[in-house]
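Visitor: This is protein.txt, which holds compact mmCIF, C-alpha atoms:
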# COMPACT_ATOMS: atom_id res chain seq x y z
CA MET A 3 -14.09 9.96 13.62
CA ASN A 4 -14.55 6.37 12.50
CA PHE A 5 -12.61 3.31 11.38
CA GLN A 6 -13.64 0.81 8.73
CA VAL A 7 -12.22 -2.28 7.03
CA LEU A 8 -13.56 -4.11 3.99
CA TYR A 9 -11.81 -7.40 3.43
CA CYS A 10 -11.70 -10.96 2.15
CA ASN A 11 -9.33 -13.57 3.56
CA HIS A 12 -8.59 -17.28 3.39
CA GLU A 13 -11.71 -18.02 5.44
CA SER A 14 -14.20 -15.62 3.87
CA ALA A 15 -13.36 -15.95 0.18
CA LYS A 16 -12.17 -18.52 -2.30
CA LEU A 17 -8.62 -18.33 -3.57
CA ASN A 18 -9.63 -17.20 -7.05
CA VAL A 19 -11.57 -14.26 -5.56
CA ARG A 20 -8.60 -13.15 -3.46
CA GLU A 21 -6.32 -13.53 -6.44
CA ARG A 22 -8.52 -11.29 -8.58
CA LEU A 23 -8.87 -8.60 -5.92
CA ALA A 24 -5.21 -8.54 -4.85
CA PHE A 25 -2.95 -5.51 -5.31
CA SER A 26 0.62 -6.14 -6.35
CA VAL A 27 3.31 -3.93 -4.84
CA GLY A 28 4.58 -1.30 -7.25
CA GLU A 29 2.76 0.51 -10.02
CA GLN A 30 -0.59 -1.20 -9.40
CA LEU A 31 -0.67 -0.35 -5.69
CA SER A 32 0.40 3.23 -6.39
CA ARG A 33 -2.41 3.55 -8.90
CA ALA A 34 -4.86 2.13 -6.36
CA TYR A 35 -3.83 4.72 -3.76
CA ASN A 36 -4.20 7.51 -6.31
CA GLN A 37 -7.71 6.39 -7.16
CA LEU A 38 -8.69 5.95 -3.52
CA ARG A 39 -7.42 9.45 -2.75
CA ASP A 40 -9.45 10.89 -5.65
CA ARG A 41 -12.61 9.04 -4.60
CA PHE A 42 -12.33 9.63 -0.86
CA PRO A 43 -10.24 12.79 -0.31
CA ALA A 44 -11.22 13.10 3.37
CA ALA A 45 -10.31 9.51 4.25
CA GLU A 46 -7.02 8.01 5.41
CA VAL A 47 -6.40 4.64 3.71
CA VAL A 48 -4.14 1.61 4.16
CA VAL A 49 -4.22 -1.39 1.80
CA LEU A 50 -3.08 -4.77 3.13
CA SER A 51 -2.73 -7.33 0.33
CA THR A 52 -1.05 -10.71 0.90
CA CYS A 53 -1.46 -14.22 -0.47
CA ASN A 54 -4.04 -14.89 2.26
CA ARG A 55 -5.97 -11.64 2.47
CA VAL A 56 -6.98 -8.41 0.75
CA GLU A 57 -8.02 -5.64 3.14
CA VAL A 58 -8.72 -1.92 2.76
CA TYR A 59 -8.71 0.13 5.98
CA THR A 60 -10.19 3.63 6.03
CA ALA A 61 -10.41 6.22 8.77
CA GLN A 62 -11.52 9.83 8.92
CA GLN A 63 -12.36 12.53 11.42
CA ALA A 64 -15.93 12.97 10.22
CA GLU A 65 -18.55 10.42 11.21
CA ASP A 66 -19.14 9.28 7.65
CA THR A 67 -16.65 6.93 6.02
CA PRO A 68 -16.69 5.49 2.49
CA SER A 69 -19.70 3.21 2.28
CA ARG A 70 -19.44 -0.49 1.59
CA GLN A 71 -21.06 0.09 -1.79
CA GLN A 72 -18.54 2.78 -2.69
CA LEU A 73 -15.61 0.51 -1.82
CA VAL A 74 -17.15 -2.40 -3.73
CA GLU A 75 -17.47 -0.08 -6.74
CA PHE A 76 -13.80 0.83 -6.36
CA PHE A 77 -12.77 -2.86 -6.34
CA SER A 78 -15.01 -3.57 -9.32
CA GLU A 79 -13.81 -0.68 -11.47
CA PHE A 80 -10.14 -0.95 -10.49
CA HIS A 81 -9.88 -4.69 -11.17
CA GLU A 82 -12.52 -4.69 -13.93
CA ILE A 83 -14.59 -7.40 -12.21
CA PRO A 84 -18.40 -7.35 -12.08
CA ARG A 85 -19.61 -6.66 -8.55
CA GLU A 86 -21.84 -9.70 -8.40
CA GLU A 87 -18.80 -11.97 -8.78
CA PHE A 88 -17.21 -10.96 -5.46
CA ALA A 89 -19.35 -8.53 -3.43
CA GLU A 90 -20.93 -11.17 -1.21
CA GLU A 91 -17.50 -12.50 -0.20
CA LEU A 92 -16.32 -9.12 1.10
CA LEU A 93 -16.77 -8.65 4.85
CA GLU A 94 -16.94 -5.34 6.69
CA HIS A 95 -16.22 -4.05 10.19
CA THR A 96 -16.56 -0.50 11.47
CA GLY A 97 -15.61 1.38 14.62
CA PRO A 98 -14.09 -0.69 17.44
CA ASN A 99 -14.70 -3.92 15.49
CA ALA A 100 -12.47 -2.66 12.67
CA VAL A 101 -9.74 -1.85 15.20
CA LYS A 102 -10.07 -5.25 16.83
CA HIS A 103 -9.90 -6.95 13.42
CA LEU A 104 -6.53 -5.35 12.62
CA PHE A 105 -5.20 -6.20 16.07
CA ARG A 106 -6.22 -9.84 15.49
CA VAL A 107 -4.64 -9.85 12.03
CA ALA A 108 -1.33 -8.37 13.25
CA SER A 109 -1.27 -10.87 16.13
CA SER A 110 -1.81 -13.73 13.64
CA LEU A 111 -5.06 -14.92 15.20
CA ASP A 112 -6.66 -14.73 11.75
CA SER A 113 -3.74 -16.42 9.99
CA MET A 114 -3.97 -19.94 8.59
CA VAL A 115 -0.94 -20.84 10.69
CA LEU A 116 -1.64 -19.58 14.18
CA GLY A 117 1.18 -17.50 15.61
CA GLU A 118 3.10 -17.19 12.34
CA PRO A 119 5.45 -14.18 12.42
CA GLN A 120 5.16 -13.18 8.77
CA ILE A 121 1.91 -11.28 9.07
CA VAL A 122 3.18 -8.53 11.36
CA SER A 123 5.97 -7.86 8.85
CA GLN A 124 3.33 -7.63 6.13
CA VAL A 125 1.27 -5.24 8.26
CA LYS A 126 4.35 -3.07 8.81
CA GLU A 127 5.11 -3.05 5.09
CA ALA A 128 1.49 -2.15 4.21
CA TYR A 129 1.62 0.73 6.71
CA TRP A 130 4.97 1.91 5.32
CA LEU A 131 3.71 1.77 1.73
CA ALA A 132 0.61 3.76 2.70
CA GLN A 133 2.87 6.42 4.22
CA GLU A 134 4.95 6.46 1.04
CA ALA A 135 1.74 7.01 -0.92
CA ASP A 136 0.78 9.89 1.40
CA ALA A 137 -2.42 8.02 2.29
CA CYS A 138 -1.98 7.93 6.09
CA GLY A 139 -2.95 10.42 8.74
CA PRO A 140 -3.14 10.67 12.55
CA LEU A 141 -5.88 8.05 12.86
CA THR A 142 -4.19 5.37 10.74
CA HIS A 143 -0.82 6.19 12.31
CA GLY A 144 -2.32 5.49 15.72
CA LEU A 145 -4.18 2.41 14.48
CA PHE A 146 -1.25 0.65 12.83
CA GLN A 147 1.29 1.61 15.48
CA GLY A 148 -1.18 0.18 17.99
CA ALA A 149 -1.51 -3.03 15.97
CA ILE A 150 2.27 -3.50 15.93
CA ARG A 151 2.42 -2.91 19.68
CA VAL A 152 -0.41 -5.40 20.32
CA SER A 153 1.30 -8.01 18.15
CA SER A 154 4.45 -7.69 20.24
CA ARG A 155 2.49 -8.03 23.46
CA VAL A 156 0.69 -11.17 22.24
CA ARG A 157 3.97 -12.69 21.14
CA HIS A 158 5.65 -12.09 24.49
CA GLU A 159 2.71 -12.89 26.80
CA THR A 160 1.39 -16.05 25.10
CA ARG A 161 2.88 -19.22 23.62
CA LEU A 162 1.22 -18.85 20.23
CA ALA A 163 4.56 -18.57 18.46
CA GLU A 164 5.96 -21.84 19.76
CA GLY A 165 6.45 -24.81 17.41
CA ARG A 166 5.55 -24.73 13.73
CA VAL A 167 4.08 -21.31 13.24
CA SER A 168 4.88 -20.32 9.65
CA ILE A 169 3.34 -21.48 6.41
CA ALA A 170 6.73 -22.76 5.33
CA SER A 171 7.34 -24.84 8.46
CA VAL A 172 3.90 -26.42 8.30
CA ALA A 173 4.27 -27.09 4.58
CA VAL A 174 7.58 -28.90 5.10
CA GLY A 175 6.82 -30.51 8.44
CA GLU A 176 3.27 -31.65 7.73
CA PHE A 177 2.95 -32.03 3.96
CA GLY A 178 6.52 -32.75 2.90
CA LYS A 179 7.13 -35.36 5.60
CA SER A 180 3.90 -37.13 4.72
CA ILE A 181 5.45 -37.86 1.30
CA PHE A 182 9.16 -38.29 2.03
CA ASP A 183 10.88 -39.94 4.99
CA ARG A 184 14.06 -37.98 4.32
CA PHE A 185 15.23 -34.97 2.32
CA ASP A 186 19.00 -35.44 2.20
CA ASP A 187 18.73 -37.38 -1.07
CA LYS A 188 16.18 -35.04 -2.66
CA THR A 189 16.53 -32.32 -5.27
CA VAL A 190 14.57 -29.14 -4.64
CA LEU A 191 13.61 -26.71 -7.40
CA ILE A 192 12.49 -23.24 -6.43
CA ILE A 193 10.72 -21.21 -9.10
CA GLY A 194 10.74 -17.47 -8.45
CA ALA A 195 12.34 -15.76 -5.49
CA GLY A 196 9.50 -14.76 -3.18
CA GLU A 197 9.83 -14.35 0.57
CA MET A 198 7.79 -17.45 1.41
CA GLY A 199 9.74 -19.52 -1.09
CA GLU A 200 12.99 -18.42 0.50
CA GLU A 201 11.65 -19.24 3.97
CA THR A 202 10.57 -22.70 2.77
CA LEU A 203 14.08 -23.29 1.45
CA ARG A 204 15.50 -22.52 4.88
CA TYR A 205 13.29 -25.18 6.47
CA LEU A 206 14.24 -27.67 3.77
CA GLN A 207 17.89 -26.89 4.29
CA ASP A 208 17.43 -27.55 8.01
CA GLU A 209 16.11 -30.96 6.97
CA GLY A 210 19.40 -31.56 5.13
CA VAL A 211 18.09 -31.35 1.57
CA GLY A 212 20.64 -32.65 -0.92
CA LYS A 213 20.49 -30.24 -3.85
CA ILE A 214 18.76 -26.91 -4.56
CA LEU A 215 18.09 -25.51 -8.02
CA VAL A 216 16.89 -21.92 -8.43
CA ALA A 217 15.10 -20.73 -11.58
CA ASN A 218 13.95 -17.17 -12.08
CA ARG A 219 13.10 -15.08 -15.12
CA ASN A 220 15.66 -12.62 -13.79
CA PRO A 221 19.03 -14.47 -13.71
CA ASP A 222 20.49 -11.96 -11.24
CA ARG A 223 17.77 -12.70 -8.69
CA ALA A 224 18.30 -16.44 -9.14
CA GLU A 225 22.02 -16.02 -8.48
CA CYS A 226 21.36 -13.82 -5.47
CA LEU A 227 18.99 -16.34 -3.88
CA ALA A 228 21.22 -19.33 -4.65
CA ALA A 229 24.16 -17.57 -3.03
CA ASP A 230 22.35 -17.63 0.32
CA PHE A 231 22.15 -21.43 0.48
CA GLU A 232 24.58 -24.31 0.56
CA ASN A 233 24.20 -26.82 -2.28
CA ALA A 234 22.20 -24.27 -4.28
CA GLU A 235 22.85 -23.21 -7.83
CA PRO A 236 21.02 -20.93 -10.28
CA ARG A 237 19.70 -22.45 -13.48
CA PRO A 238 18.32 -20.85 -16.67
CA TYR A 239 14.58 -20.29 -16.54
CA GLU A 240 14.38 -21.50 -20.14
CA GLN A 241 15.26 -25.00 -18.89
CA LEU A 242 12.28 -25.09 -16.54
CA ASP A 243 10.73 -28.27 -17.96
CA ASP A 244 13.98 -30.23 -17.59
CA LEU A 245 14.46 -28.83 -14.10
CA MET A 246 10.95 -29.86 -13.03
CA SER A 247 11.58 -33.34 -14.40
CA SER A 248 14.66 -33.79 -12.21
CA ALA A 249 13.15 -32.31 -9.03
CA ASP A 250 11.64 -34.23 -6.13
CA VAL A 251 10.31 -31.06 -4.50
CA ILE A 252 9.07 -28.01 -6.41
CA VAL A 253 8.43 -24.76 -4.54
CA SER A 254 6.85 -22.07 -6.72
CA THR A 255 6.24 -18.45 -5.80
CA THR A 256 6.52 -16.36 -8.94
CA GLY A 257 3.79 -13.75 -8.55
CA ALA A 258 2.66 -14.40 -12.13
CA ASP A 259 -0.88 -13.25 -12.94
CA GLN A 260 -1.89 -16.70 -14.25
CA PRO A 261 -0.64 -20.31 -13.90
CA ILE A 262 2.76 -20.89 -15.49
CA VAL A 263 2.31 -24.71 -15.57
CA ASN A 264 -0.84 -26.48 -16.74
CA ALA A 265 -1.64 -30.20 -16.87
CA ALA A 266 -0.60 -30.62 -20.49
CA ARG A 267 2.80 -29.09 -19.87
CA PHE A 268 3.39 -31.10 -16.71
CA GLN A 269 2.33 -34.30 -18.49
CA GLN A 270 5.27 -33.78 -20.86
CA VAL A 271 7.55 -33.15 -17.87
CA ARG A 272 6.51 -36.47 -16.30
CA ARG A 273 6.91 -38.64 -19.42
CA SER A 274 10.27 -39.98 -18.30
CA ASN A 275 9.76 -39.73 -14.55
CA ASP A 276 7.33 -41.54 -12.27
CA ARG A 277 9.00 -40.75 -8.92
CA PRO A 278 6.89 -38.95 -6.30
CA VAL A 279 7.03 -35.17 -6.67
CA PHE A 280 5.92 -32.75 -3.98
CA ILE A 281 4.73 -29.43 -5.41
CA LEU A 282 4.21 -26.57 -3.02
CA ASP A 283 2.46 -23.75 -4.87
CA LEU A 284 2.83 -20.59 -2.81
CA GLY A 285 1.87 -18.28 -5.66
CA ALA A 286 -1.06 -15.90 -5.40
CA PRO A 287 -2.45 -16.20 -8.03
CA ARG A 288 -1.51 -19.89 -8.22
CA ASP A 289 1.46 -20.94 -10.38
CA PHE A 290 0.29 -24.51 -11.05
CA ALA A 291 -3.15 -25.20 -12.50
CA VAL A 292 -5.33 -27.30 -10.21
CA ASP A 293 -5.55 -30.18 -12.72
CA VAL A 294 -1.78 -30.77 -12.56
CA VAL A 295 -2.46 -33.14 -9.67
CA GLU A 296 -4.38 -35.40 -12.06
CA VAL A 297 -1.33 -36.11 -14.25
CA ASP A 298 -0.49 -39.23 -12.21
CA ASP A 299 -0.84 -40.68 -8.73
CA ASN A 300 2.68 -39.65 -7.68
CA VAL A 301 2.05 -35.93 -8.15
CA PHE A 302 1.25 -34.24 -4.83
CA LEU A 303 0.18 -30.63 -5.30
CA TYR A 304 -0.55 -28.33 -2.36
CA ASP A 305 -1.42 -24.64 -2.44
CA ILE A 306 -2.19 -21.95 0.13
CA ASP A 307 -5.75 -23.11 0.70
CA ASP A 308 -4.63 -26.69 1.36
CA LEU A 309 -2.93 -25.46 4.53
CA GLN A 310 -6.25 -24.65 6.20
CA ASN A 311 -7.00 -28.11 7.61
CA THR A 312 -3.53 -28.43 9.08
CA CYS A 313 -3.78 -24.96 10.53
CA ALA A 314 -7.17 -25.76 12.04
CA ARG A 315 -5.54 -28.58 14.02
CA ASN A 316 -2.81 -26.14 15.03
CA ARG A 317 -5.49 -23.72 16.22
CA ASN A 318 -7.38 -26.30 18.27
CA ALA A 319 -4.20 -27.42 20.01
CA ARG A 320 -3.56 -23.86 21.17
CA ARG A 321 -7.04 -22.93 22.35
CA LYS A 322 -5.89 -21.73 25.78
CA GLU A 323 -3.26 -19.47 24.24
CA ILE A 324 -5.86 -18.11 21.82
CA ASP A 325 -8.08 -17.16 24.77
CA LYS A 326 -5.15 -15.31 26.36
CA ALA A 327 -4.45 -13.48 23.11
CA ILE A 328 -8.11 -12.55 22.68
CA GLY A 329 -8.13 -11.10 26.20
CA ILE A 330 -5.08 -8.98 25.36
CA ILE A 331 -6.64 -7.79 22.10
CA ASP A 332 -9.96 -6.92 23.78
CA ASP A 333 -8.11 -4.95 26.44
CA GLU A 334 -5.95 -3.12 23.90
CA THR A 335 -8.95 -2.36 21.66
CA ASN A 336 -10.87 -0.81 24.56
CA ARG A 337 -7.84 1.22 25.60
CA PHE A 338 -7.23 2.39 22.05
CA MET A 339 -10.84 3.50 21.58
CA ARG A 340 -10.86 5.30 24.95
CA ASP A 341 -7.72 7.17 23.96
CA ILE A 342 -9.09 8.05 20.54
CA TYR A 343 -12.42 9.29 21.85
CA HIS A 344 -10.78 11.08 24.75
CA ARG A 345 -8.72 13.03 22.25
CA ALA A 346 -11.90 13.74 20.28
CA THR A 347 -14.01 14.85 23.24
CA GLY A 348 -11.23 16.53 25.23
CA PRO A 349 -11.34 19.89 23.42
CA ILE A 350 -15.12 20.24 23.69
CA VAL A 351 -15.09 19.28 27.40
CA LYS A 352 -12.33 21.80 28.07
CA ARG A 353 -14.10 24.53 26.12
CA LEU A 354 -17.44 23.87 27.85
CA ARG A 355 -15.87 24.00 31.31
CA GLU A 356 -13.97 27.19 30.48
CA GLN A 357 -17.07 28.80 29.03
CA TRP A 358 -19.28 28.06 32.04
CA HIS A 359 -16.65 28.99 34.60
CA ASP A 360 -15.99 32.27 32.76
CA ILE A 361 -19.70 33.03 32.97
CA SER A 362 -19.85 32.14 36.67
CA ALA A 363 -16.77 34.29 37.39
CA GLU A 364 -18.39 37.28 35.64
CA GLU A 365 -21.56 36.86 37.66
CA VAL A 366 -19.68 36.59 40.95
CA ASP A 367 -17.72 39.75 40.12
CA ARG A 368 -20.97 41.54 39.33
CA LEU A 369 -22.46 40.34 42.61
CA ARG A 370 -19.38 41.53 44.51
CA SER A 371 -19.83 45.08 43.19
CA ARG A 372 -23.47 45.11 44.31
CA LEU A 373 -22.95 43.53 47.73
CA SER A 374 -19.89 45.39 48.90
CA HIS A 375 -20.95 44.99 52.53
CA LEU A 376 -20.10 41.24 52.39
CA THR A 377 -16.73 40.14 53.72
CA ASP A 378 -14.09 38.31 51.70
CA LYS A 379 -14.94 35.16 53.63
CA ASP A 380 -18.58 35.53 52.61
CA PHE A 381 -17.60 35.85 48.95
CA GLU A 382 -15.36 32.83 49.16
CA ALA A 383 -18.41 30.87 50.30
CA VAL A 384 -20.46 32.34 47.43
CA GLU A 385 -17.76 31.41 44.88
CA ARG A 386 -17.59 27.84 46.20
CA SER A 387 -21.37 27.53 46.00
CA VAL A 388 -21.46 28.86 42.43
CA GLU A 389 -18.63 26.50 41.44
CA ARG A 390 -20.51 23.52 42.89
CA ILE A 391 -23.66 24.55 41.02
CA VAL A 392 -21.72 24.82 37.73
CA ASN A 393 -20.05 21.45 38.25
CA LYS A 394 -23.38 19.78 39.06
CA LEU A 395 -24.98 21.29 35.97
CA LEU A 396 -22.03 20.19 33.83
CA HIS A 397 -21.96 16.67 35.25
CA PRO A 398 -24.93 15.13 33.30
CA PRO A 399 -23.90 16.27 29.79
CA LEU A 400 -20.22 15.44 30.38
CA GLU A 401 -21.06 11.99 31.78
CA ALA A 402 -23.35 11.36 28.81
CA LEU A 403 -20.51 12.37 26.49
CA LYS A 404 -18.10 10.07 28.35
CA ASP A 405 -20.54 7.14 28.14
CA GLU A 406 -21.16 7.65 24.44
CA ALA A 407 -17.43 7.93 23.78
CA ARG A 408 -16.92 4.63 25.62
CA ASP A 409 -19.58 2.86 23.53
CA GLY A 410 -18.90 4.37 20.14
CA THR A 411 -18.20 7.48 18.11
CA PRO A 412 -19.74 10.44 20.02
CA HIS A 413 -20.27 12.75 17.04
CA GLY A 414 -24.02 13.18 17.53
CA LEU A 415 -23.79 14.26 21.15
CA MET A 416 -20.76 16.46 20.48
CA ASP A 417 -22.66 18.30 17.75
CA ALA A 418 -25.69 18.66 20.06
CA LEU A 419 -23.54 20.13 22.84
CA ARG A 420 -21.97 22.60 20.44
CA ARG A 421 -25.39 23.83 19.33
CA LEU A 422 -27.04 23.80 22.78
CA PHE A 423 -24.26 25.71 24.53
CA HIS A 424 -23.00 27.77 21.57
CA ILE A 425 -19.53 26.34 21.93
CA ARG A 426 -17.05 28.02 19.63
CA GLU A 427 -14.09 25.99 18.30
For this file, produce the structure as structure tokens.
Guide:
Amino acid sequence: MNFQVLYCNHESAKLNVRERLAFSVGEQLSRAYNQLRDRFPAAEVVVLSTCNRVEVYTAQQAEDTPSRQQLVEFFSEFHEIPREEFAEELLEHTGPNAVKHLFRVASSLDSMVLGEPQIVSQVKEAYWLAQEADACGPLTHGLFQGAIRVSSRVRHETRLAEGRVSIASVAVGEFGKSIFDRFDDKTVLIIGAGEMGEETLRYLQDEGVGKILVANRNPDRAECLAADFENAEPRPYEQLDDLMSSADVIVSTTGADQPIVNAARFQQVRRSNDRPVFILDLGAPRDFAVDVVEVDDNVFLYDIDDLQNTCARNRNARRKEIDKAIGIIDDETNRFMRDIYHRATGPIVKRLREQWHDISAEEVDRLRSRLSHLTDKDFEAVERSVERIVNKLLHPPLEALKDEARDGTPHGLMDALRRLFHIRE
């Protein structure tokens, strides 16, 4: 059995690469699972795709897993992107390192905002969607249930989750407050109705924001989101330019496949307004083109990647807690791999012991019929001696199997033992 992950995240790949390789929930993700199942019928698969990362986990009982090249070809053909445009930015882990990577991800050690709670929810959702797509199996069930357990342990045994730990809280507390001294006299426009946008609104509301406008292509979703907040009201999406012109803070998280606002459009929006405007683009792909910030000096545009420097400071301030979390993850990874390999080697160890002890019992019975003059006490001594001999002969191969299982996947030695001792499954 083996585990593997091929991934790009906010540290390993540029935003435009992650955007192009992302899988949107719904028809596209279902189609991806169908293609992965057709390409790799023996593999269990879970796809984790968020605004910060795109990861494909595979696991299977056989030693071989889909190769890096095969997964790169899948990405290339599925998204219709030439391999040379992204292949070098995809990272890979296998075996225990793949397990440890997921445990780190679920515990938010690989998140831009250290300790943020959103990622474990995203891991749970990815696992649930994989089950819905019938792409999971016993190995991925164990892996993802383990990751959720490890995340809980890290959260309860360290202080990583204290303070500003979510993207939204850092965006408001660090970026927003560097532009505005107060929010109670500000108008906030939220475009779309994504989870991070809603979370950002909650932090802004805690800051006493004066007025909230909600614009969504789907009027029902706009009304639903606005109903959850005081001082919030839905507005027609068709009035977006006027709404942007009146807003002091714009939070955008539409999930559109290309920017909805470019520099030319925003230049028209700003014609009658030179007040500072704070734009928080949480879209993946981005909702605001990068050149929007060049419209004038009072336009402050931040996107997901802009959070990295702030999050780096967050990470440095919590170095001791990181070390505690890493210790927990290392311990849990070792325990998980021992359990997995114990389950893999257990049947062959049991069968080998049974087979050898059956043989020794047959030989002792044969000896008993030939040496009838020996007493029962004599035969008890013979049986104990034969049992010790069998155990001593079994000890080297079983210890070697245990050592190999501790260090990695013991398929080679297991196959050798089957052939050498004619072990039948």
Visitor: For CA of Ala258 (chain A) and CA of His81 (chain A), quote the distance in Å rounded to one decimal.
Guide: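 Calculated distance between CA of Ala258 (chain A) and CA of His81 (chain A) is 15.9 Å.
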Visitor: What does the structure give for the distance between CA of Asp208 (chain A) and CA of Ser171 (chain A), in Å to one decimal?
Guide: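 Value for the CA of Asp208 (chain A)-CA of Ser171 (chain A) distance: 10.5 Å.
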Visitor: Per residue of region 222-254 of chain A within 12 Å of region 173-185 of chain A, which atom pair is closest and at what distance in Å (one decimal), using all atoms listed in the file, listed by chain and increasing number, as a Markdown table?
Guide:
| residue | atom | partner | partner_atom | distance |
| --- | --- | --- | --- | --- |
| A:Ala249 | CA | A:Phe185 | CA | 11.8 |
| A:Asp250 | CA | A:Phe185 | CA | 9.2 |
| A:Val251 | CA | A:Gly178 | CA | 8.5 |
| A:Ile252 | CA | A:Gly178 | CA | 10.8 |
| A:Val253 | CA | A:Ala173 | CA | 10.3 |
Visitor: So, with only C-alpha atoms as the atoms that count, which of A:Leu38, A:Ile306, A:Val56, A:Val366 lies closest to Asn11 (chain A)?
Guide: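 Looking only at the distances to Asn11 (chain A), the closest residue turns out to be A:Val56.
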Visitor: I'd like the interatomic distance between CA of Glu159 (chain A) and CA of Ile330 (chain A), to a tenth of an Å.
Guide: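 Distance reported for this atom pair: 8.8 Å.
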Visitor: Which residue gives the smallest distance to Asp259 (chain A) among A:Phe105, A:Tyr129, A:Phe290, A:Phe280, with only C-alpha atoms counted?
Guide: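 Ranking A:Phe105, A:Tyr129, A:Phe290, A:Phe280 by distance to Asp259 (chain A), first place goes to A:Phe290.
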Visitor: Got a sec: who's within 9 Å of Arg70 (chain A), counting only C-alpha atoms, leaving out chain neighbours fewer than 5 positions off, as a list in words?
Guide: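 So the residues in contact are Leu8, Glu75 and Glu94 of chain A.
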Visitor: Next, dump the selected residues to file, keeping only C-alpha atoms, as a PDB file, in the coordinates of the input.
Guide:
ATOM      1  CA  LEU A   8     -13.560  -4.110   3.990  1.00  0.00           C
ATOM      2  CA  GLU A  75     -17.470  -0.080  -6.740  1.00  0.00           C
ATOM      3  CA  GLU A  94     -16.940  -5.340   6.690  1.00  0.00           C
TER       4      GLU A  94
END
Visitor: Counting only C-alpha atoms, which residues have an atom no more than 10 Å from (8.7, -28.5, -10.4) in the file's coordinates? Please list them as an mmCIF file with C-alpha atoms, keeping the file's coordinate frame.
Guide:
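Produced file part_38.cif, reproduced below:
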data_model
loop_
_atom_site.group_PDB
_atom_site.id
_atom_site.type_symbol
_atom_site.label_atom_id
_atom_site.label_comp_id
_atom_site.auth_asym_id
_atom_site.auth_seq_id
_atom_site.Cartn_x
_atom_site.Cartn_y
_atom_site.Cartn_z
ATOM 1 C CA VAL A 190 14.570 -29.140 -4.640
ATOM 2 C CA LEU A 191 13.610 -26.710 -7.400
ATOM 3 C CA ILE A 192 12.490 -23.240 -6.430
ATOM 4 C CA ILE A 193 10.720 -21.210 -9.100
ATOM 5 C CA LEU A 242 12.280 -25.090 -16.540
ATOM 6 C CA ASP A 243 10.730 -28.270 -17.960
ATOM 7 C CA ASP A 244 13.980 -30.230 -17.590
ATOM 8 C CA LEU A 245 14.460 -28.830 -14.100
ATOM 9 C CA MET A 246 10.950 -29.860 -13.030
ATOM 10 C CA SER A 247 11.580 -33.340 -14.400
ATOM 11 C CA SER A 248 14.660 -33.790 -12.210
ATOM 12 C CA ALA A 249 13.150 -32.310 -9.030
ATOM 13 C CA ASP A 250 11.640 -34.230 -6.130
ATOM 14 C CA VAL A 251 10.310 -31.060 -4.500
ATOM 15 C CA ILE A 252 9.070 -28.010 -6.410
ATOM 16 C CA VAL A 253 8.430 -24.760 -4.540
ATOM 17 C CA SER A 254 6.850 -22.070 -6.720
ATOM 18 C CA VAL A 263 2.310 -24.710 -15.570
ATOM 19 C CA PHE A 268 3.390 -31.100 -16.710
ATOM 20 C CA VAL A 271 7.550 -33.150 -17.870
ATOM 21 C CA VAL A 279 7.030 -35.170 -6.670
ATOM 22 C CA PHE A 280 5.920 -32.750 -3.980
ATOM 23 C CA ILE A 281 4.730 -29.430 -5.410
ATOM 24 C CA LEU A 282 4.210 -26.570 -3.020
ATOM 25 C CA ASP A 283 2.460 -23.750 -4.870
ATOM 26 C CA PHE A 290 0.290 -24.510 -11.050
#
Visitor: Would you please work out which residue, of A:Leu215, A:Arg320, A:Thr255, A:Pro140, is nearest to Gln241 (chain A) when using only C-alpha atoms?
Guide: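 Distance minimum relative to Gln241 (chain A) lands on A:Leu215.
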Visitor: Within 12 Å of (-20.1, -6.9, -7.7) in the file's own coordinates, which protein, DNA or RNA residues have an atom, counting all atoms listed in the file? List them as a PyMOL selection string.
Guide: chain A and resi 19+23+70-92
Visitor: Give me the region 213-253 of chain A side of the contact with region 195-204 of chain A, cut-off 12 Å, one line per residue showing its nearest atom pair and distance in Å at one decimal, counting all atoms listed in the file, sorted by chain and residue number, as a tab-separated table.
Guide:
residue	atom	partner	partner_atom	distance
A:Lys213	CA	A:Leu203	CA	10.8
A:Ile214	CA	A:Leu203	CA	8.4
A:Leu215	CA	A:Leu203	CA	10.5
A:Val216	CA	A:Ala195	CA	8.2
A:Ala217	CA	A:Ala195	CA	8.3
A:Asn218	CA	A:Ala195	CA	6.9
A:Arg219	CA	A:Ala195	CA	9.7
A:Asn220	CA	A:Ala195	CA	9.5
A:Pro221	CA	A:Ala195	CA	10.7
A:Asp222	CA	A:Ala195	CA	10.7
A:Arg223	CA	A:Ala195	CA	7.0
A:Ala224	CA	A:Ala195	CA	7.0
A:Glu225	CA	A:Ala195	CA	10.1
A:Cys226	CA	A:Ala195	CA	9.2
A:Leu227	CA	A:Ala195	CA	6.9
A:Ala228	CA	A:Ala195	CA	9.6
A:Ala229	CA	A:Glu200	CA	11.7
A:Asp230	CA	A:Glu200	CA	9.4
A:Phe231	CA	A:Arg204	CA	8.0
A:Glu232	CA	A:Arg204	CA	10.2
A:Asn233	CA	A:Leu203	CA	11.3
A:Ala234	CA	A:Leu203	CA	10.0
A:Pro236	CA	A:Ala195	CA	11.2
A:Val251	CA	A:Leu203	CA	10.5
A:Ile252	CA	A:Gly199	CA	10.0
A:Val253	CA	A:Gly199	CA	6.4
Visitor: Closest to Gly139 (chain A) among A:Glu209, A:Glu164, A:Glu46, A:Asp380, using all atoms listed in the file?
Guide: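 Among the listed residues, the smallest separation from Gly139 (chain A) belongs to A:Glu46.
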Visitor: Can you pull out every residue within 9 Å of region 388-390 of chain A, counting only C-alpha atoms, but drop anything in the same chain fewer than 5 positions away, and send it as a ChimeraX atom specification?
Guide: /A:359,362-363,366,383,395
